[in-house]
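**Student:** Here you go, one structure.
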Amino acid sequence: GQKLLVVDQIDPAGQPTGHYDICVDKAQAGIGDRVLVLDEGNGARQVLELSTAPIRAVIVGIVDDM
């Protein structure tokens with residue numbers, strides 16, 4: 001199994017936009033972390049090495065500073 005997280009998108013100023021993604025977490029992120037999301041199905045499947053999985057978005061990193 002894979003851990004899924006609901007990610008609240010932010011704008012360039014760091015404010016929530018009200019848009020959300022459900023992402024597979026490959027970066028071991030936690031609640032409140034700012035994360036880098038790869039939101040493109042084929043790329044997400046390549047990161048996970050699952051060529052036929054129904055996956056669109058994956059967390060690929062945790063942002064330390066903005």
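Residue numbering restarts at 1 for every chain of the structure tokens, chains are lettered A, B, ... in their displayed order, and ligands are numbered from 1 as they appear.
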Any chance you could list, as a list of chain:residue names, the residues in chain A that come up strand (DSSP E) when DSSP is run on the backbone?

**Tutor:**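 Assigned to strand (DSSP E), within chain A: A:Leu4, A:Leu5, A:Val6, A:Val7, A:Asp8, A:Gln9, A:Ile10, A:Pro16, A:Thr17, A:Gly18, A:His19, A:Tyr20, A:Asp21, A:Ile22, A:Cys23, A:Val24, A:Asp25, A:Val35, A:Leu36, A:Val37, A:Leu38, A:Asp39, A:Ala57, A:Val58, A:Ile59, A:Val60, A:Gly61, A:Ile62.
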
**Student:** Considering only C-alpha atoms, return as number ranges by chain whatever protein or nucleic-acid residues lie within 9 Å of stretch 30-37 of chain A, sequence-local ones (same chain, fewer than 4 positions apart) excluded.

**Tutor:** A: 5, 7, 23, 57-65

**Student:** Tell me which of A:Arg56, A:Asp11, A:Gly18, A:Leu4 sits closest to A:Asp39, counting only C-alpha atoms.

**Tutor:**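 Looking only at the distances to A:Asp39, the closest residue turns out to be A:Arg56.
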
**Student:** Enumerate, as a short mmCIF file (atom, residue, chain, number, x, y, z; two decimals) with N, CA and C atoms, in the first residue's frame, the complete set of residues in stretch 16-54 of chain A that a backbone-based DSSP assignment places in helix (DSSP H, G or I).

**Tutor:**
data_model
loop_
_atom_site.label_atom_id
_atom_site.label_comp_id
_atom_site.auth_asym_id
_atom_site.auth_seq_id
_atom_site.Cartn_x
_atom_site.Cartn_y
_atom_site.Cartn_z
N GLY A 41 0.13 12.54 -14.65
CA GLY A 41 -0.04 11.10 -14.50
C GLY A 41 1.12 10.23 -14.93
N ASN A 42 1.64 10.43 -16.13
CA ASN A 42 2.72 9.58 -16.62
C ASN A 42 3.97 9.74 -15.77
N GLY A 43 4.33 10.98 -15.43
CA GLY A 43 5.50 11.22 -14.60
C GLY A 43 5.34 10.62 -13.21
N ALA A 44 4.14 10.75 -12.64
CA ALA A 44 3.87 10.18 -11.32
C ALA A 44 4.03 8.66 -11.35
N ARG A 45 3.51 8.04 -12.38
CA ARG A 45 3.64 6.57 -12.50
C ARG A 45 5.10 6.17 -12.68
N GLN A 46 5.89 6.98 -13.39
CA GLN A 46 7.31 6.67 -13.55
C GLN A 46 8.06 6.77 -12.22
N VAL A 47 7.74 7.79 -11.42
CA VAL A 47 8.38 7.94 -10.11
C VAL A 47 8.08 6.73 -9.24
N LEU A 48 6.85 6.24 -9.32
CA LEU A 48 6.43 5.10 -8.49
C LEU A 48 6.77 3.75 -9.12
#

**Student:** Smallest atom-to-atom distance to A:Gln28: which of A:Pro12, A:Met66, A:Lys3, A:Ile55, using only C-alpha atoms?

**Tutor:**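 Closest to A:Gln28 of all the choices is A:Lys3.
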